[in-house]
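Undergrad: Here it is, the structure, as structure tokens.
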Amino acid sequence: MKRRDFLKHSAGAGILSAAFPFSLPMNPLGFQFADVTARAGITFQHNSGAYGGKLLPETLGSGCAFLDYDADGWPDILLINSMDWPGHKRQRSTLKLYRNNRNGTFTDVTKAAGLDLELYGMGVAVADYDNDGFPDIFISCVGQSRLFHNTGKGTFRDITQKSGLLNKQGFSTSAIWFDYDRDGLLDLFVCNYVRWSAEHDVFCSLDGKNKSYCTPEAYRGDTCWLFHNRGDGTFEDVTSTSGIFDTSSKSLGVAMIDFDQDGWPDLLVANDTQPNKLYRNLRNGKFKDVAVEMGLAFSNEGKARAGMGVDCADFDNSGKPSVVITNFDNEMLGLYRSNGKSFDDVAMQAGLGPASRNTLGFGCIFFDADLDGRLDLAVANGHIDATVRNIRGNVGFAQPPQLFLNQANARFLEVAAQLGGGFAQAKVGRGLAVADFDRDGDVDVLLTTNNGPAYLYRNDQLAGNRSIRLHLVGTKSNRDAIGATVRLYSSGQIQTRQVRSGSSYLSQSELQLTFGVGKQDEIERIVIDWPSGQTEEYPRLKSGLTYQITESKGITSTSA
């Protein structure tokens with residue numbers, strides 16, 4: 001029971017709880033986080049395989065996802081794992097699938113679901129690629145990535161070979177599902193980092209004697225991949241013909257963005273020590289990189305930074321998407337805001353630059369933490385090498401995650417230390433995803449660490465703010481409605497959200513959309529632009545509810 005519910009019901013029920021004493025002061029933020037990892041039954045431990053050989057992939061994993069694998073309306077959790085290296089076997093480590101028990105706890109169903117296997121996994125992208133009503137799972141790996149088809153019976157089948165994705169091996173990182181040709185079938189984009197193998201690992205050293213982790217400059221880059229969904233369960237590799245092919249990239253993060261607002265999904269790719277890429281959808285199956293002219297390729301100093309994670313959203317309610325990219329320590333976050341013709345990095349003016357100068361960011365995501373109608377920003381931080389504290393006095397290996405609260409004037413305030421629940425404790429953070437796992441109307445946070453545990457933070461609203469949540473179901477569009485844009489009109493304000501796979505770093509959040517509406521009981525209307533090109537409008541929606549909207553078929557509501 002959340003604190004607000006306890007205060008509401010405890011007098012009549014005669015309940016006493018040490019977890020929520022009456023003397024607990026009201027958080028001035030209007031919300032707080034509670035670490036519910038243990039009580040939820042999440043016992044995951046990431047294994048990087050590190051044994052002292054300082055192999056590059058050990059530094060980067062791993063990701064996480066919220067998904068409703070059994071289609072019961074409650075978000076489940078998938079945590080990606082790596083494994084011991086050949087010749088250095090110490091333990092068996094698998095990814096973990098946790099089923100939501102609908103009471104704040106989860107059950108480990110990995111084995112029952114057919115996912116009890118070892119992979120050197122990195123990231124995950126989840127979507128219903130065959131439009132059968134059940135989400136499928138792509139796991140990016142070092143080596144052979146995997147595609148798992150959801151049978152709809154609580155199990156998954158490895159269809160990597162059948163789908164045509166076999167023998168596509170690389171150092172794969174983030175991935176997304178999106179319908180780039182708007183044919184109603186989701187296509188797959190996969191980031192690749194560098195050309196690397198254990199046999200050809202480069203010796204790097206900080207002192208000339210002892211091996212250390214190399215920077216990406218020590219390796220050649222590699223191209224990302226684009227796979228077109230044929231609609232028969234197989235995919236065609238269209239990397240070379242689509243304009244995506246580029247062996248100079250060293251890609252770690254990818255997000256879908258319709259930056260020119262033409263209704264066709266574009267791609268933003270965060271590159272490590274190479275210019276970021278903005279692939280403009282030319283609407284004919286091809287893409288063109290326009291990152292340089294759009295101001296997203298470099299920092300304000302003209303430098304290619306160490307891009308890790310990326311997210312895109314309309315944080316200033318301008319109707320135009322903005323971009324955040326996490327970078328290495330001493331490089332700061334990049335916060336790129338649209339000026340109508342290109343993007344300007346406004347991280348310094350927004351207050352994000354100084355606050356992120358001494359952090360190394362990975363996962364990042366915009367979400368409305370306090371349900372006030374403005375998107376806030378969460379960032380997972382952590383360095384790649386434990387010896388960093390011997391090199392720079394101002395930077396640590398484990399670093400606190402950050403939550404930047406949107407102040408409504410295009411500025412953000414860092415408030416992690418005020419959230420409680422141990423959220424601000426230093427961690428070697430990597431993946432980051434959000435979802436309303438307990439279906440109380442606010443958005444909760446899942447965070448992974450490198451070679452460490454995962455953390456589940458429950459969001460507790462204290463100020464009485466409410467939300468409207470939307471679950472979109474496509475008919476002519478892809479069933480997940482990925483690519484749909486929703487505008488919410490209320491009190492002279494317009495909020496814009498887009499249904500998207502991927503983003504952040506190696507991770508995926510739930511596909512449902514959450515609009516914070518403060519204390520409003522009702523909003524004026526929402527307008528949905530479906531990927532099929534159809535537009536629908538629904539007036540006077542009540543807050544505190546979740547609405548399922550099926551393309552061309554109407555709207556139904558349930559309690560949040």
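Note on naming: chains are A, B, ... as they come in the structure tokens, residues start from 1 per chain, ligands start from 1 in the order shown.
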Which residues, written as a list in words, have at least one atom at most 7 Å from Gln548 in chain A, with only C-alpha atoms counted and residues fewer than 2 positions away on the same chain left out?

TA: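 Close residues of Gln548 in chain A: Leu470, His471, Leu472, Thr546, Thr550, Ile555, Thr556 and Ser557 of chain A.
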
Undergrad: Please produce a file of those selected residues containing all heavy atoms, as an mmCIF file, in the first residue's frame.

TA:
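result17.cif was written with the following content:
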```
data_model
loop_
_atom_site.group_PDB
_atom_site.id
_atom_site.type_symbol
_atom_site.label_atom_id
_atom_site.label_comp_id
_atom_site.auth_asym_id
_atom_site.auth_seq_id
_atom_site.Cartn_x
_atom_site.Cartn_y
_atom_site.Cartn_z
ATOM 1 N N LEU A 470 -2.695 5.852 -21.541
ATOM 2 C CA LEU A 470 -3.258 5.373 -22.799
ATOM 3 C C LEU A 470 -2.539 4.121 -23.270
ATOM 4 O O LEU A 470 -1.303 4.069 -23.310
ATOM 5 C CB LEU A 470 -3.128 6.452 -23.884
ATOM 6 C CG LEU A 470 -3.752 7.822 -23.602
ATOM 7 C CD1 LEU A 470 -3.508 8.752 -24.780
ATOM 8 C CD2 LEU A 470 -5.235 7.703 -23.311
ATOM 9 N N HIS A 471 -3.349 3.122 -23.624
ATOM 10 C CA HIS A 471 -2.840 1.914 -24.270
ATOM 11 C C HIS A 471 -3.419 1.883 -25.677
ATOM 12 O O HIS A 471 -4.618 1.645 -25.860
ATOM 13 C CB HIS A 471 -3.249 0.669 -23.483
ATOM 14 C CG HIS A 471 -2.853 -0.615 -24.133
ATOM 15 N ND1 HIS A 471 -3.479 -1.817 -23.865
ATOM 16 C CD2 HIS A 471 -1.910 -0.892 -25.066
ATOM 17 C CE1 HIS A 471 -2.933 -2.773 -24.589
ATOM 18 N NE2 HIS A 471 -1.982 -2.242 -25.326
ATOM 19 N N LEU A 472 -2.575 2.145 -26.661
ATOM 20 C CA LEU A 472 -3.024 2.212 -28.047
ATOM 21 C C LEU A 472 -2.849 0.856 -28.724
ATOM 22 O O LEU A 472 -1.823 0.187 -28.557
ATOM 23 C CB LEU A 472 -2.242 3.271 -28.821
ATOM 24 C CG LEU A 472 -2.268 4.702 -28.279
ATOM 25 C CD1 LEU A 472 -1.609 5.645 -29.274
ATOM 26 C CD2 LEU A 472 -3.683 5.156 -27.966
ATOM 27 N N THR A 546 -7.058 4.579 -16.985
ATOM 28 C CA THR A 546 -6.305 4.077 -18.124
ATOM 29 C C THR A 546 -7.284 3.789 -19.243
ATOM 30 O O THR A 546 -8.297 3.116 -19.035
ATOM 31 C CB THR A 546 -5.535 2.796 -17.765
ATOM 32 O OG1 THR A 546 -4.551 3.103 -16.780
ATOM 33 C CG2 THR A 546 -4.850 2.209 -18.988
ATOM 34 N N THR A 550 -8.446 1.560 -29.544
ATOM 35 C CA THR A 550 -8.170 0.706 -30.685
ATOM 36 C C THR A 550 -8.458 1.479 -31.963
ATOM 37 O O THR A 550 -9.537 2.050 -32.115
ATOM 38 C CB THR A 550 -9.017 -0.574 -30.630
ATOM 39 O OG1 THR A 550 -8.757 -1.243 -29.380
ATOM 40 C CG2 THR A 550 -8.675 -1.511 -31.776
ATOM 41 N N ILE A 555 -12.843 3.657 -27.825
ATOM 42 C CA ILE A 555 -12.124 3.800 -26.569
ATOM 43 C C ILE A 555 -12.882 3.132 -25.429
ATOM 44 O O ILE A 555 -14.117 3.166 -25.374
ATOM 45 C CB ILE A 555 -11.917 5.304 -26.260
ATOM 46 C CG1 ILE A 555 -11.086 5.519 -24.991
ATOM 47 C CG2 ILE A 555 -13.246 6.040 -26.151
ATOM 48 C CD1 ILE A 555 -10.659 6.965 -24.803
ATOM 49 N N THR A 556 -12.140 2.484 -24.543
ATOM 50 C CA THR A 556 -12.696 1.930 -23.308
ATOM 51 C C THR A 556 -11.783 2.351 -22.174
ATOM 52 O O THR A 556 -10.598 2.649 -22.374
ATOM 53 C CB THR A 556 -12.780 0.395 -23.349
ATOM 54 O OG1 THR A 556 -11.471 -0.147 -23.574
ATOM 55 C CG2 THR A 556 -13.720 -0.063 -24.447
ATOM 56 N N SER A 557 -12.305 2.380 -20.942
ATOM 57 C CA SER A 557 -11.511 2.838 -19.807
ATOM 58 C C SER A 557 -11.564 1.821 -18.684
ATOM 59 O O SER A 557 -12.520 1.057 -18.538
ATOM 60 C CB SER A 557 -12.021 4.185 -19.305
ATOM 61 O OG SER A 557 -13.328 4.064 -18.775
#
```

Undergrad: Neighbouring residues of range 425-428 of chain A were defined as those with any atom within 12 Å, considering only C-alpha atoms; residues of the same chain fewer than 6 positions away were excluded. Please report them as a ChimeraX atom specification.

TA: /A:35,46,59-62,359-363,379-386,395-402,416-419,447-455

Undergrad: Among the residues of range 24-208 of chain A, find those DSSP assigns to alpha helix (DSSP H) from the backbone and print them as a list in words.

TA: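 DSSP-assigned alpha helix (DSSP H) residues in range 24-208 of chain A: Thr37, Ala38, Arg39, Ala40, Thr160, Gln161, Lys162 and Ser163 of chain A.
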
Undergrad: With only C-alpha atoms as the counted atoms, please give the residues lying no more than 12 Å from Gln512 in chain A, apart from itself and same-chain residues fewer than 3 positions off, as JSON, numbers by chain.

TA: {"A": [66, 67, 68, 73, 74, 75, 367, 434, 435, 436, 437, 439, 441, 442, 443, 468, 469, 470, 471, 472, 473, 480, 481, 482, 484, 485, 486, 497, 498, 499, 500, 501, 508, 509, 515, 546, 547, 548, 549, 560]}

Undergrad: Pick out each residue of range 199-264 of chain A that DSSP on the backbone tags as strand (DSSP E); I need them as a list in words.

TA: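 Residues meeting the strand (DSSP E) criterion: Cys204, Ser205, Lys211, Ser212, Trp225, Leu226, Phe227, His228, Asn229, Phe235, Glu236, Asp237, Ser251, Leu252, Gly253, Val254, Ala255, Met256 and Ile257 of chain A.
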
Undergrad: What is the distance between CA of Asp258 in chain A and CA of Glu414 in chain A, in Å to one decimal?

TA: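 Result for CA of Asp258 in chain A versus CA of Glu414 in chain A: 28.2 Å, one decimal.
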
Undergrad: Using only C-alpha atoms, which residue out of A:Gly231, A:Gly464, A:Gly533, A:Pro539 lies closest to Glu551 in chain A?

TA: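 Comparing A:Gly231, A:Gly464, A:Gly533, A:Pro539 against Glu551 in chain A, the winner is A:Gly533.
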